$ cat target-v9.cif   # mmCIF, C-alpha atoms and all ligand atoms
data_protein
loop_
_atom_site.label_atom_id
_atom_site.label_comp_id
_atom_site.auth_asym_id
_atom_site.auth_seq_id
_atom_site.Cartn_x
_atom_site.Cartn_y
_atom_site.Cartn_z
CA MET U 1 -146.29 115.56 -31.28
CA THR U 2 -146.92 112.71 -33.67
CA ALA U 3 -143.30 111.62 -34.03
CA ARG U 4 -142.23 108.48 -32.19
CA VAL U 5 -138.91 108.01 -30.46
CA ALA U 6 -137.18 105.21 -32.36
CA ASN U 7 -134.48 104.07 -29.93
CA SER U 8 -132.84 104.66 -26.58
CA HIS U 9 -130.18 106.97 -28.05
CA GLN U 10 -132.85 109.33 -29.33
CA SER U 11 -134.54 109.15 -25.94
CA THR U 12 -131.28 110.07 -24.16
CA LEU U 13 -130.78 112.98 -26.55
CA LEU U 14 -134.32 114.32 -26.11
CA LEU U 15 -134.24 114.07 -22.31
CA ARG U 16 -130.85 115.79 -22.17
CA LEU U 17 -132.06 118.63 -24.38
CA ARG U 18 -135.18 118.95 -22.20
CA ASP U 19 -133.14 119.15 -19.00
CA ARG U 20 -130.14 121.17 -20.23
CA GLY U 21 -131.57 123.23 -23.09
CA SER U 22 -129.69 123.93 -26.32
CA GLN U 23 -126.49 121.87 -26.71
CA SER U 24 -123.80 121.78 -29.39
CA ARG U 25 -123.27 118.63 -31.42
CA ALA U 26 -119.76 118.54 -29.96
CA VAL U 27 -121.06 118.48 -26.37
CA LEU U 28 -123.69 115.89 -27.24
CA GLY U 29 -120.94 113.78 -28.79
CA GLU U 30 -119.08 113.83 -25.47
CA VAL U 31 -122.03 112.74 -23.33
CA ILE U 32 -123.82 110.28 -25.62
CA ASP U 33 -122.15 106.93 -25.95
CA LEU U 34 -122.17 106.77 -29.76
CA SER U 35 -119.62 107.19 -32.51
CA ARG U 36 -119.61 110.60 -34.16
CA SER U 37 -121.20 109.25 -37.34
CA LYS U 38 -123.95 107.31 -35.54
CA LEU U 39 -124.77 110.32 -33.38
CA ALA U 40 -125.04 112.45 -36.54
CA VAL U 41 -127.50 109.90 -37.97
CA GLU U 42 -129.70 110.00 -34.86
CA ILE U 43 -129.67 113.80 -34.74
CA ASP U 44 -130.55 113.98 -38.44
CA ARG U 45 -133.46 111.61 -37.87
CA LEU U 46 -134.72 113.75 -34.99
CA LEU U 47 -134.34 116.87 -37.16
CA GLU U 48 -136.50 115.15 -39.81
CA THR U 49 -139.23 114.41 -37.28
CA GLY U 50 -139.25 118.05 -36.21
CA LEU U 51 -138.72 117.14 -32.54
CA VAL U 52 -135.40 119.00 -32.56
CA VAL U 53 -134.14 121.96 -34.57
CA GLN U 54 -130.80 123.59 -35.36
CA ASP U 55 -130.12 126.51 -33.08
CA GLY U 56 -127.20 128.48 -34.46
CA VAL U 57 -123.50 127.76 -34.27
CA ALA U 58 -121.85 127.07 -30.92
CA ALA U 59 -118.97 129.20 -29.69
CA SER U 60 -115.80 127.70 -31.11
CA ARG U 61 -113.72 125.55 -28.84
CA GLY U 62 -111.02 125.25 -31.46
CA GLY U 63 -111.51 122.84 -34.32
CA ARG U 64 -114.56 122.88 -36.57
CA PRO U 65 -117.64 124.94 -35.75
CA SER U 66 -120.41 122.88 -34.14
CA HIS U 67 -124.12 123.49 -34.56
CA ASN U 68 -126.36 123.80 -31.55
CA ILE U 69 -129.35 121.51 -31.30
CA ARG U 70 -132.46 122.18 -29.24
CA LEU U 71 -135.94 120.78 -28.84
CA SER U 72 -138.54 122.24 -31.14
CA PRO U 73 -139.72 125.64 -29.86
CA ASP U 74 -143.23 124.61 -30.98
CA LEU U 75 -143.59 121.77 -28.43
CA ARG U 76 -146.11 122.46 -25.67
CA PHE U 77 -146.87 120.47 -22.53
CA LEU U 78 -149.75 120.94 -20.14
CA GLY U 79 -149.46 120.40 -16.39
CA ILE U 80 -152.60 120.02 -14.26
CA ASP U 81 -152.33 119.82 -10.48
CA ILE U 82 -155.68 119.06 -8.86
CA GLY U 83 -155.46 119.54 -5.10
CA ALA U 84 -158.11 119.02 -2.45
CA THR U 85 -159.02 122.71 -2.37
CA SER U 86 -157.32 124.25 -5.41
CA VAL U 87 -156.28 123.55 -8.97
CA ASP U 88 -153.21 124.75 -10.88
CA VAL U 89 -152.93 124.59 -14.66
CA ALA U 90 -149.80 125.56 -16.59
CA ILE U 91 -148.46 125.39 -20.13
CA THR U 92 -144.74 124.87 -20.66
CA ASN U 93 -142.34 124.72 -23.56
CA ALA U 94 -140.27 121.63 -24.30
CA GLU U 95 -137.75 122.55 -21.58
CA LEU U 96 -140.66 122.61 -19.09
CA GLU U 97 -140.37 126.36 -18.53
CA ILE U 98 -143.74 127.77 -17.55
CA LEU U 99 -145.22 130.05 -20.22
CA GLY U 100 -148.61 130.54 -18.58
CA HIS U 101 -150.00 129.48 -15.18
CA LEU U 102 -153.46 129.78 -13.62
CA ALA U 103 -154.44 128.83 -10.08
CA GLU U 104 -157.96 128.79 -8.66
CA PRO U 105 -159.66 127.59 -5.50
CA LEU U 106 -161.67 124.48 -6.27
CA ASP U 107 -163.22 121.81 -4.07
CA VAL U 108 -162.29 118.38 -5.41
CA ARG U 109 -165.44 117.02 -3.71
CA GLU U 110 -167.50 118.70 -6.44
CA GLY U 111 -166.72 115.54 -8.39
CA PRO U 112 -164.89 114.71 -11.61
CA VAL U 113 -167.35 116.17 -14.11
CA ALA U 114 -167.45 119.63 -12.53
CA VAL U 115 -163.70 119.67 -11.85
CA CYS U 116 -162.81 118.59 -15.40
CA GLU U 117 -165.10 121.26 -16.79
CA ARG U 118 -163.32 123.91 -14.72
CA VAL U 119 -159.88 122.60 -15.67
CA LEU U 120 -160.75 122.61 -19.38
CA ALA U 121 -162.00 126.20 -19.09
CA MET U 122 -158.65 127.17 -17.54
CA VAL U 123 -156.78 125.40 -20.34
CA ALA U 124 -158.89 127.28 -22.89
CA GLU U 125 -158.05 130.55 -21.14
CA LEU U 126 -154.31 129.84 -21.31
CA ARG U 127 -154.56 128.89 -24.96
CA ALA U 128 -156.58 132.01 -25.76
CA ALA U 129 -153.77 134.03 -24.17
CA GLY U 130 -151.48 132.64 -26.87
CA HIS U 131 -149.44 130.17 -24.81
CA ALA U 132 -150.20 127.15 -26.98
CA GLU U 133 -151.70 126.60 -30.42
CA HIS U 134 -151.72 122.87 -29.80
CA LEU U 135 -150.79 120.53 -26.97
CA ASP U 136 -148.29 117.69 -27.30
CA GLY U 137 -149.11 116.01 -24.02
CA ALA U 138 -150.59 116.57 -20.58
CA GLY U 139 -149.70 115.33 -17.09
CA VAL U 140 -152.22 115.38 -14.26
CA GLY U 141 -151.85 115.04 -10.50
CA VAL U 142 -154.81 114.20 -8.25
CA PRO U 143 -154.94 114.06 -4.43
CA GLY U 144 -155.50 110.33 -4.05
CA PRO U 145 -154.32 106.88 -5.13
CA VAL U 146 -154.28 106.26 -8.89
CA ARG U 147 -154.08 103.05 -10.88
CA PHE U 148 -151.25 104.47 -12.94
CA PRO U 149 -151.36 102.62 -16.28
CA GLU U 150 -155.06 103.40 -16.75
CA GLY U 151 -154.99 106.80 -15.03
CA ILE U 152 -157.97 105.97 -12.83
CA PRO U 153 -158.37 107.17 -9.22
CA VAL U 154 -159.00 104.24 -6.87
CA ALA U 155 -161.08 104.73 -3.71
CA PRO U 156 -159.54 108.13 -2.94
CA PRO U 157 -160.62 109.02 0.63
CA ILE U 158 -160.86 112.81 0.09
CA MET U 159 -162.28 112.62 -3.46
CA PRO U 160 -165.85 111.36 -3.22
CA GLY U 161 -167.32 110.52 -6.63
CA TRP U 162 -163.92 109.93 -8.28
CA ASP U 163 -163.53 106.20 -7.60
CA GLY U 164 -163.05 104.45 -10.95
CA TYR U 165 -163.52 107.62 -13.03
CA PRO U 166 -161.59 107.23 -16.33
CA LEU U 167 -159.80 110.55 -15.95
CA ARG U 168 -156.94 109.79 -18.35
CA GLU U 169 -159.32 108.75 -21.10
CA VAL U 170 -161.74 111.65 -20.61
CA LEU U 171 -159.03 114.32 -20.59
CA GLY U 172 -157.25 112.63 -23.50
CA GLN U 173 -160.38 112.92 -25.59
CA GLU U 174 -161.11 116.50 -24.55
CA LEU U 175 -157.54 117.74 -24.98
CA GLY U 176 -156.70 115.70 -28.06
CA CYS U 177 -153.24 114.69 -26.81
CA PRO U 178 -151.63 111.91 -24.74
CA VAL U 179 -152.39 112.20 -21.01
CA LEU U 180 -150.91 110.57 -17.90
CA VAL U 181 -152.51 110.75 -14.46
CA ASP U 182 -150.69 110.15 -11.18
CA ASN U 183 -151.00 110.80 -7.49
CA ASP U 184 -150.26 114.48 -6.79
CA VAL U 185 -147.46 113.63 -4.38
CA ASN U 186 -145.57 111.65 -7.03
CA VAL U 187 -146.05 114.52 -9.46
CA MET U 188 -144.72 117.06 -6.96
CA ALA U 189 -141.71 114.84 -6.29
CA LEU U 190 -140.99 114.87 -10.04
CA GLY U 191 -141.25 118.67 -9.99
CA GLU U 192 -138.67 118.88 -7.20
CA GLN U 193 -136.44 116.49 -9.12
CA HIS U 194 -136.70 118.58 -12.27
CA ALA U 195 -136.46 122.14 -11.00
CA GLY U 196 -136.37 122.14 -7.20
CA VAL U 197 -134.11 121.26 -4.30
CA ALA U 198 -133.75 117.61 -5.34
CA ARG U 199 -132.23 118.36 -8.77
CA SER U 200 -129.00 116.54 -8.15
CA VAL U 201 -130.40 113.72 -6.02
CA GLY U 202 -131.31 110.22 -7.20
CA ASP U 203 -132.86 108.87 -3.99
CA PHE U 204 -135.16 111.10 -1.99
CA LEU U 205 -138.51 111.33 -0.25
CA PHE U 206 -140.98 114.12 -0.94
CA VAL U 207 -143.39 114.45 1.97
CA LYS U 208 -146.47 116.50 1.19
CA ILE U 209 -148.29 117.93 4.17
CA GLY U 210 -151.47 119.50 2.88
CA THR U 211 -155.10 118.63 3.51
CA GLY U 212 -153.76 115.07 3.75
CA ILE U 213 -150.24 113.67 4.09
CA GLY U 214 -148.47 111.57 1.46
CA CYS U 215 -144.97 110.68 0.35
CA GLY U 216 -143.41 110.53 -3.11
CA ILE U 217 -140.60 107.98 -3.26
CA VAL U 218 -137.88 108.59 -5.83
CA ALA U 219 -135.44 105.67 -6.03
CA ASP U 220 -132.54 105.71 -8.45
CA GLY U 221 -134.09 108.69 -10.24
CA ARG U 222 -137.50 107.10 -10.74
CA VAL U 223 -140.79 107.38 -8.90
CA HIS U 224 -141.59 104.16 -7.07
CA ARG U 225 -145.36 103.60 -7.27
CA GLY U 226 -145.62 100.05 -5.97
CA VAL U 227 -147.67 97.21 -7.41
CA THR U 228 -151.03 98.97 -7.26
CA GLY U 229 -149.90 102.60 -7.19
CA SER U 230 -150.42 103.16 -3.49
CA ALA U 231 -146.77 103.37 -2.38
CA GLY U 232 -146.12 106.34 -0.12
CA ASP U 233 -149.62 106.60 1.30
CA ILE U 234 -148.13 107.43 4.69
CA GLY U 235 -151.05 109.49 5.99
CA HIS U 236 -152.72 106.26 7.03
CA ILE U 237 -149.81 104.77 8.94
CA GLN U 238 -150.95 104.27 12.52
CA VAL U 239 -149.26 106.57 15.03
CA GLU U 240 -151.60 105.95 17.97
CA PRO U 241 -153.16 102.57 18.76
CA ASN U 242 -156.90 103.01 19.42
CA GLY U 243 -156.46 106.69 18.53
CA HIS U 244 -158.73 109.18 16.73
CA LEU U 245 -161.02 107.80 14.06
CA CYS U 246 -159.64 108.58 10.59
CA ILE U 247 -161.50 109.51 7.40
CA CYS U 248 -160.36 106.12 6.00
CA GLY U 249 -162.24 104.20 8.69
CA ASN U 250 -159.18 103.11 10.70
CA GLN U 251 -158.07 104.48 14.04
CA GLY U 252 -154.99 106.45 14.97
CA CYS U 253 -153.71 107.30 11.45
CA LEU U 254 -151.18 110.11 11.08
CA GLU U 255 -153.78 112.09 9.11
CA ALA U 256 -156.20 111.88 12.02
CA TYR U 257 -153.61 113.87 14.01
CA PHE U 258 -151.99 116.19 11.49
CA GLY U 259 -152.55 117.66 8.05
CA GLY U 260 -154.91 120.47 7.11
CA ASN U 261 -158.12 118.82 8.28
CA ALA U 262 -156.82 117.76 11.70
CA LEU U 263 -155.07 121.09 12.25
CA ILE U 264 -158.21 123.15 11.65
CA ARG U 265 -160.23 120.79 13.88
CA ASP U 266 -157.74 121.19 16.72
CA ALA U 267 -157.41 124.95 16.18
CA ARG U 268 -161.18 125.31 16.52
CA ALA U 269 -161.09 123.40 19.79
CA LEU U 270 -158.30 125.68 21.09
CA ALA U 271 -160.31 128.74 20.12
CA ALA U 272 -163.56 127.44 21.56
CA ASP U 273 -162.31 126.91 25.10
CA ALA U 274 -160.05 129.98 25.04
CA ARG U 275 -156.76 128.11 25.38
CA SER U 276 -155.56 130.19 22.43
CA PRO U 277 -156.40 133.91 22.68
CA GLU U 278 -155.11 134.59 19.15
CA LEU U 279 -157.18 131.84 17.54
CA ALA U 280 -160.25 132.78 19.61
CA ALA U 281 -159.97 136.39 18.41
CA ARG U 282 -159.59 135.30 14.80
CA LEU U 283 -162.53 132.92 15.03
CA ALA U 284 -164.67 135.64 16.58
CA SER U 285 -163.86 138.15 13.83
CA THR U 286 -164.30 135.92 10.77
CA GLY U 287 -166.45 133.02 11.98
CA ALA U 288 -164.00 130.46 10.62
CA LEU U 289 -160.39 129.40 11.00
CA THR U 290 -157.98 128.68 8.18
CA LEU U 291 -154.44 127.46 7.91
CA ALA U 292 -153.35 131.08 7.50
CA ASP U 293 -154.95 131.89 10.88
CA VAL U 294 -152.95 129.14 12.58
CA ALA U 295 -149.77 130.36 10.90
CA ALA U 296 -150.50 133.96 11.92
CA ALA U 297 -151.29 132.97 15.51
CA ALA U 298 -148.03 131.04 15.73
CA ALA U 299 -146.10 133.97 14.22
CA ALA U 300 -147.67 136.21 16.87
CA GLY U 301 -146.20 133.91 19.53
CA ASP U 302 -149.46 132.22 20.60
CA SER U 303 -148.18 129.30 22.65
CA ALA U 304 -151.15 127.00 22.03
CA ALA U 305 -150.91 127.45 18.26
CA LEU U 306 -147.15 126.87 18.37
CA GLU U 307 -147.63 123.71 20.42
CA LEU U 308 -150.20 122.44 17.93
CA ILE U 309 -147.68 122.79 15.11
CA ARG U 310 -144.91 121.23 17.20
CA GLN U 311 -147.04 118.20 18.02
CA GLY U 312 -147.98 117.77 14.37
CA GLY U 313 -144.32 118.03 13.34
CA HIS U 314 -143.41 115.55 16.06
CA ARG U 315 -145.89 112.94 14.83
CA THR U 316 -144.95 113.48 11.20
CA GLY U 317 -141.28 113.25 12.18
CA GLN U 318 -141.93 109.91 13.87
CA VAL U 319 -143.27 108.48 10.62
CA ILE U 320 -140.51 110.08 8.51
CA ALA U 321 -137.87 108.65 10.87
CA SER U 322 -139.17 105.14 10.16
CA LEU U 323 -139.14 105.86 6.42
CA VAL U 324 -135.56 107.15 6.65
CA SER U 325 -134.44 103.99 8.46
CA PHE U 326 -136.15 101.87 5.85
CA PHE U 327 -135.22 103.77 2.69
CA ASN U 328 -131.95 105.60 3.48
CA PRO U 329 -132.68 108.64 1.26
CA ALA U 330 -130.15 111.33 0.35
CA MET U 331 -132.70 114.05 1.12
CA VAL U 332 -136.18 114.60 2.54
CA VAL U 333 -138.17 117.43 0.98
CA ILE U 334 -141.20 118.78 2.82
CA GLY U 335 -143.89 120.39 0.64
CA GLY U 336 -147.61 121.09 0.53
CA GLY U 337 -149.84 123.79 1.99
CA LEU U 338 -148.73 123.36 5.60
CA THR U 339 -145.18 124.42 4.78
CA GLY U 340 -146.69 127.89 5.32
CA LEU U 341 -146.29 127.03 9.02
CA GLY U 342 -142.61 127.53 8.38
CA HIS U 343 -139.69 126.98 10.67
CA THR U 344 -141.60 125.70 13.71
CA LEU U 345 -142.92 122.76 11.70
CA LEU U 346 -139.62 122.01 9.99
CA ALA U 347 -137.68 122.24 13.26
CA SER U 348 -139.93 119.78 15.07
CA ILE U 349 -139.81 117.31 12.16
CA ARG U 350 -136.01 117.56 12.04
CA THR U 351 -135.65 117.11 15.78
CA GLN U 352 -137.72 113.97 15.76
CA VAL U 353 -136.06 112.41 12.71
CA TYR U 354 -132.52 113.08 13.95
CA ARG U 355 -133.40 111.78 17.41
CA GLN U 356 -135.06 108.61 16.21
CA SER U 357 -133.14 107.50 13.11
CA PRO U 358 -129.84 105.62 13.12
CA PRO U 359 -126.80 107.94 12.76
CA LEU U 360 -125.65 106.26 9.58
CA ALA U 361 -128.94 107.13 7.85
CA THR U 362 -129.10 110.73 9.06
CA GLY U 363 -125.40 111.63 9.08
CA ASN U 364 -125.65 113.92 6.06
CA LEU U 365 -129.41 113.93 5.59
CA PRO U 366 -130.85 117.32 4.64
CA ILE U 367 -134.51 117.78 5.60
CA VAL U 368 -135.59 120.85 3.67
CA LEU U 369 -138.65 122.75 2.55
CA SER U 370 -139.74 122.65 -1.08
CA GLU U 371 -138.39 125.53 -3.16
CA LEU U 372 -141.07 125.36 -5.79
CA GLY U 373 -144.23 125.77 -3.72
CA SER U 374 -147.33 125.67 -5.85
CA THR U 375 -145.43 125.16 -9.11
CA ALA U 376 -143.96 121.79 -8.05
CA GLY U 377 -147.13 119.99 -9.14
CA VAL U 378 -147.52 121.52 -12.59
CA ILE U 379 -143.82 121.25 -13.44
CA GLY U 380 -143.81 117.65 -12.22
CA ALA U 381 -146.89 116.87 -14.30
CA THR U 382 -145.18 118.11 -17.47
CA ARG U 383 -142.08 116.14 -16.53
CA LEU U 384 -144.25 113.02 -16.15
CA ILE U 385 -145.76 113.28 -19.62
CA SER U 386 -142.52 114.39 -21.31
CA ASP U 387 -140.62 111.47 -19.74
CA HIS U 388 -143.26 109.24 -21.28
CA LEU U 389 -143.30 110.86 -24.74
CA PHE U 390 -139.49 111.05 -24.92
CA SER U 391 -139.06 107.38 -24.08
CA VAL U 392 -139.06 104.53 -26.56
CA ALA U 393 -142.08 102.43 -25.69
CA HIS U 394 -145.38 104.23 -25.57
ZN ZN G 1 -156.54 106.73 7.86
#

$ encode --input "target-v9.cif" --output "structure tokens"
Amino acid sequence: MTARVANSHQSTLLLRLRDRGSQSRAVLGEVIDLSRSKLAVEIDRLLETGLVVQDGVAASRGGRPSHNIRLSPDLRFLGIDIGATSVDVAITNAELEILGHLAEPLDVREGPVAVCERVLAMVAELRAAGHAEHLDGAGVGVPGPVRFPEGIPVAPPIMPGWDGYPLREVLGQELGCPVLVDNDVNVMALGEQHAGVARSVGDFLFVKIGTGIGCGIVADGRVHRGVTGSAGDIGHIQVEPNGHLCICGNQGCLEAYFGGNALIRDARALAADARSPELAARLASTGALTLADVAAAAAAGDSAALELIRQGGHRTGQVIASLVSFFNPAMVVIGGGLTGLGHTLLASIRTQVYRQSPPLATGNLPIVLSELGSTAGVIGATRLISDHLFSVAH
């Protein structure tokens, strides 16, 4: 996509077509605050750039027939969601519908060079399958803090070797298109906003409980990143003075008590001293414990495994309750790998938040699980880059 967006009216048109699909000129005339003739000029300019195309004649609503307008069917966006232990890569059309999606296990601790190599191989595979002849832009999520304008990870605790790596620049050169890099939690929040449970909500929190715990903050429809891009890093809020030592060097952080790493540590301890027969049996048969083992043990009614999840939900709920008091969101969405723990986790988070937060803040507050699962990140990443390309200044 070489065309530039000339003004805010064009930007409004492009974003609407992205989010609603094909629209008639008549409908666009009703929602865009422009005279009929000025709107026609802007649409004609966009037609000239090739960003939009005519798409047949709309069903008549009386009066003159009105042509449909849609975004170019040739536009292609790339979404890359790098997690701590897996990577998802997807190609979408201009409406951010997924045309091809690959997911692979991958340890982010292998470092940026190896991970980028793997990601580029996955992109090549998707392109070879015919999903994209070219790419118009790419969005990337990584599991750590990012200096957003430059797209550089900054001292990410679970990403050794990534500190200061010019990821945006490197991928931009390799892919030959504009690239934006953001924290994976922000990207997942954008995914929920675009295609998930938070579609109609302007102010919400997206809490990711995966290997680590983080929070995407969407205020007035926009992701709030803070001055240095570290807003929402709630995994390192202290929940226990003088508590467990955390990976970040502090004591008593939420992540030292819950999240994938803490859960597996505690599950091993329960298996080792036979407090959990289910986990002990699973450890004995495979030699290791995974999140799926904890979920299966809980589903089988193992009381120690259930209590582990309840305690984790309780601590996470404590932190979310403070966030709710502070931010007054319309919705809290819970996503990430640990949502596989299901209703037990959600119920204990809800209980704690409703108990602890002021009634005015929680009166109509839905606390819900993500609908999108593993596609939240890649859809959000394409939303991130398309927001950027369809806006005026870039
Ligand atoms: Zn910490």

$ residues_near_ligand --input "target-v9.cif" --ligand "ligand ZN 1 (chain G)" --cutoff "10 Å" --atoms "all atoms listed in the file" --output "PDB file with C-alpha atoms, in the coordinates of the input"
ATOM      1  CA  PRO U 157    -160.620 109.020   0.630  1.00  0.00           C
ATOM      2  CA  GLY U 212    -153.760 115.070   3.750  1.00  0.00           C
ATOM      3  CA  ASP U 233    -149.620 106.600   1.300  1.00  0.00           C
ATOM      4  CA  ILE U 234    -148.130 107.430   4.690  1.00  0.00           C
ATOM      5  CA  GLY U 235    -151.050 109.490   5.990  1.00  0.00           C
ATOM      6  CA  HIS U 236    -152.720 106.260   7.030  1.00  0.00           C
ATOM      7  CA  ILE U 237    -149.810 104.770   8.940  1.00  0.00           C
ATOM      8  CA  GLN U 238    -150.950 104.270  12.520  1.00  0.00           C
ATOM      9  CA  HIS U 244    -158.730 109.180  16.730  1.00  0.00           C
ATOM     10  CA  LEU U 245    -161.020 107.800  14.060  1.00  0.00           C
ATOM     11  CA  CYS U 246    -159.640 108.580  10.590  1.00  0.00           C
ATOM     12  CA  ILE U 247    -161.500 109.510   7.400  1.00  0.00           C
ATOM     13  CA  CYS U 248    -160.360 106.120   6.000  1.00  0.00           C
ATOM     14  CA  GLY U 249    -162.240 104.200   8.690  1.00  0.00           C
ATOM     15  CA  ASN U 250    -159.180 103.110  10.700  1.00  0.00           C
ATOM     16  CA  GLN U 251    -158.070 104.480  14.040  1.00  0.00           C
ATOM     17  CA  GLY U 252    -154.990 106.450  14.970  1.00  0.00           C
ATOM     18  CA  CYS U 253    -153.710 107.300  11.450  1.00  0.00           C
ATOM     19  CA  LEU U 254    -151.180 110.110  11.080  1.00  0.00           C
ATOM     20  CA  GLU U 255    -153.780 112.090   9.110  1.00  0.00           C
ATOM     21  CA  ALA U 256    -156.200 111.880  12.020  1.00  0.00           C
ATOM     22  CA  TYR U 257    -153.610 113.870  14.010  1.00  0.00           C
TER      23      TYR U 257
END

$ residues_around --input "target-v9.cif" --residues "range 268-271 of chain U" --least-positions-apart "6" --cutoff "10 Å" --atoms "only C-alpha atoms" --output "MDAnalysis selection string"
chainID U and resid 262 277:284 288:290 294 304:305 308

$ closest_residue --input "target-v9.cif" --among "U:Ser370, U:Glu48, U:Leu384, U:Ala90" --to "Arg199 in chain U" --atoms "all atoms listed in the file"
U:Ser370

$ closest_residue --input "target-v9.cif" --among "U:Leu28, U:Met159, U:Val181, U:Leu205" --to "Asn328 in chain U" --atoms "only C-alpha atoms"
U:Leu205

$ closest_atom_pairs --input "target-v9.cif" --of "range 155-181 of chain U" --to "range 61-85 of chain U" --cutoff "12 Å" --atoms "all atoms listed in the file" --output "JSON lines"
{"residue": "U:Pro156", "atom": "CA", "partner": "U:Ala84", "partner_atom": "CA", "distance": 11.0}
{"residue": "U:Pro157", "atom": "CA", "partner": "U:Ala84", "partner_atom": "CA", "distance": 10.8}
{"residue": "U:Ile158", "atom": "CA", "partner": "U:Ala84", "partner_atom": "CA", "distance": 7.3}
{"residue": "U:Met159", "atom": "CA", "partner": "U:Ala84", "partner_atom": "CA", "distance": 7.7}
{"residue": "U:Pro160", "atom": "CA", "partner": "U:Ala84", "partner_atom": "CA", "distance": 10.9}
{"residue": "U:Leu167", "atom": "CA", "partner": "U:Ile82", "partner_atom": "CA", "distance": 11.8}
{"residue": "U:Arg168", "atom": "CA", "partner": "U:Ile80", "partner_atom": "CA", "distance": 11.8}
{"residue": "U:Leu171", "atom": "CA", "partner": "U:Ile80", "partner_atom": "CA", "distance": 10.7}
{"residue": "U:Gly172", "atom": "CA", "partner": "U:Leu78", "partner_atom": "CA", "distance": 11.7}
{"residue": "U:Leu175", "atom": "CA", "partner": "U:Leu78", "partner_atom": "CA", "distance": 9.7}
{"residue": "U:Gly176", "atom": "CA", "partner": "U:Leu78", "partner_atom": "CA", "distance": 11.8}
{"residue": "U:Cys177", "atom": "CA", "partner": "U:Phe77", "partner_atom": "CA", "distance": 9.6}
{"residue": "U:Pro178", "atom": "CA", "partner": "U:Phe77", "partner_atom": "CA", "distance": 10.0}
{"residue": "U:Val179", "atom": "CA", "partner": "U:Leu78", "partner_atom": "CA", "distance": 9.2}
{"residue": "U:Leu180", "atom": "CA", "partner": "U:Gly79", "partner_atom": "CA", "distance": 10.1}
{"residue": "U:Val181", "atom": "CA", "partner": "U:Ile80", "partner_atom": "CA", "distance": 9.3}

$ residues_around --input "target-v9.cif" --residues "Gly259 in chain U" --least-positions-apart "4" --cutoff "12 Å" --atoms "all atoms listed in the file" --output "count of residues only"
36

$ atom_distance --input "target-v9.cif" --atom1 "CA of Asp19 in chain U" --atom2 "CA of Ile379 in chain U"
12.2 Å

$ closest_residue --input "target-v9.cif" --among "U:Thr92, U:Gln193, U:Gln173, U:Asn261" --to "Leu372 in chain U" --atoms "all atoms listed in the file"
U:Gln193

$ atom_distance --input "target-v9.cif" --atom1 "CA of Val113 in chain U" --atom2 "CA of Val170 in chain U"
9.7 Å

$ residues_around --input "target-v9.cif" --residues "range 6-11 of chain U" --least-positions-apart "4" --cutoff "12 Å" --atoms "all atoms listed in the file" --output "PDB file with C-alpha atoms, in the frame of the given file"
ATOM      1  CA  LEU U  15    -134.240 114.070 -22.310  1.00  0.00           C
ATOM      2  CA  ARG U  16    -130.850 115.790 -22.170  1.00  0.00           C
ATOM      3  CA  LEU U  17    -132.060 118.630 -24.380  1.00  0.00           C
ATOM      4  CA  ARG U  18    -135.180 118.950 -22.200  1.00  0.00           C
ATOM      5  CA  LEU U  28    -123.690 115.890 -27.240  1.00  0.00           C
ATOM      6  CA  GLY U  29    -120.940 113.780 -28.790  1.00  0.00           C
ATOM      7  CA  VAL U  31    -122.030 112.740 -23.330  1.00  0.00           C
ATOM      8  CA  ILE U  32    -123.820 110.280 -25.620  1.00  0.00           C
ATOM      9  CA  ASP U  33    -122.150 106.930 -25.950  1.00  0.00           C
ATOM     10  CA  LEU U  34    -122.170 106.770 -29.760  1.00  0.00           C
ATOM     11  CA  SER U  35    -119.620 107.190 -32.510  1.00  0.00           C
ATOM     12  CA  LYS U  38    -123.950 107.310 -35.540  1.00  0.00           C
ATOM     13  CA  LEU U  39    -124.770 110.320 -33.380  1.00  0.00           C
ATOM     14  CA  ALA U  40    -125.040 112.450 -36.540  1.00  0.00           C
ATOM     15  CA  VAL U  41    -127.500 109.900 -37.970  1.00  0.00           C
ATOM     16  CA  GLU U  42    -129.700 110.000 -34.860  1.00  0.00           C
ATOM     17  CA  ILE U  43    -129.670 113.800 -34.740  1.00  0.00           C
ATOM     18  CA  ASP U  44    -130.550 113.980 -38.440  1.00  0.00           C
ATOM     19  CA  ARG U  45    -133.460 111.610 -37.870  1.00  0.00           C
ATOM     20  CA  LEU U  46    -134.720 113.750 -34.990  1.00  0.00           C
ATOM     21  CA  LEU U  47    -134.340 116.870 -37.160  1.00  0.00           C
ATOM     22  CA  THR U  49    -139.230 114.410 -37.280  1.00  0.00           C
ATOM     23  CA  LEU U  51    -138.720 117.140 -32.540  1.00  0.00           C
ATOM     24  CA  VAL U  52    -135.400 119.000 -32.560  1.00  0.00           C
ATOM     25  CA  LEU U  71    -135.940 120.780 -28.840  1.00  0.00           C
ATOM     26  CA  SER U 386    -142.520 114.390 -21.310  1.00  0.00           C
ATOM     27  CA  ASP U 387    -140.620 111.470 -19.740  1.00  0.00           C
ATOM     28  CA  HIS U 388    -143.260 109.240 -21.280  1.00  0.00           C
ATOM     29  CA  LEU U 389    -143.300 110.860 -24.740  1.00  0.00           C
ATOM     30  CA  PHE U 390    -139.490 111.050 -24.920  1.00  0.00           C
ATOM     31  CA  SER U 391    -139.060 107.380 -24.080  1.00  0.00           C
ATOM     32  CA  VAL U 392    -139.060 104.530 -26.560  1.00  0.00           C
ATOM     33  CA  ALA U 393    -142.080 102.430 -25.690  1.00  0.00           C
ATOM     34  CA  HIS U 394    -145.380 104.230 -25.570  1.00  0.00           C
TER      35      HIS U 394
END

$ atom_distance --input "target-v9.cif" --atom1 "CA of Val332 in chain U" --atom2 "CA of Val353 in chain U"
10.4 Å
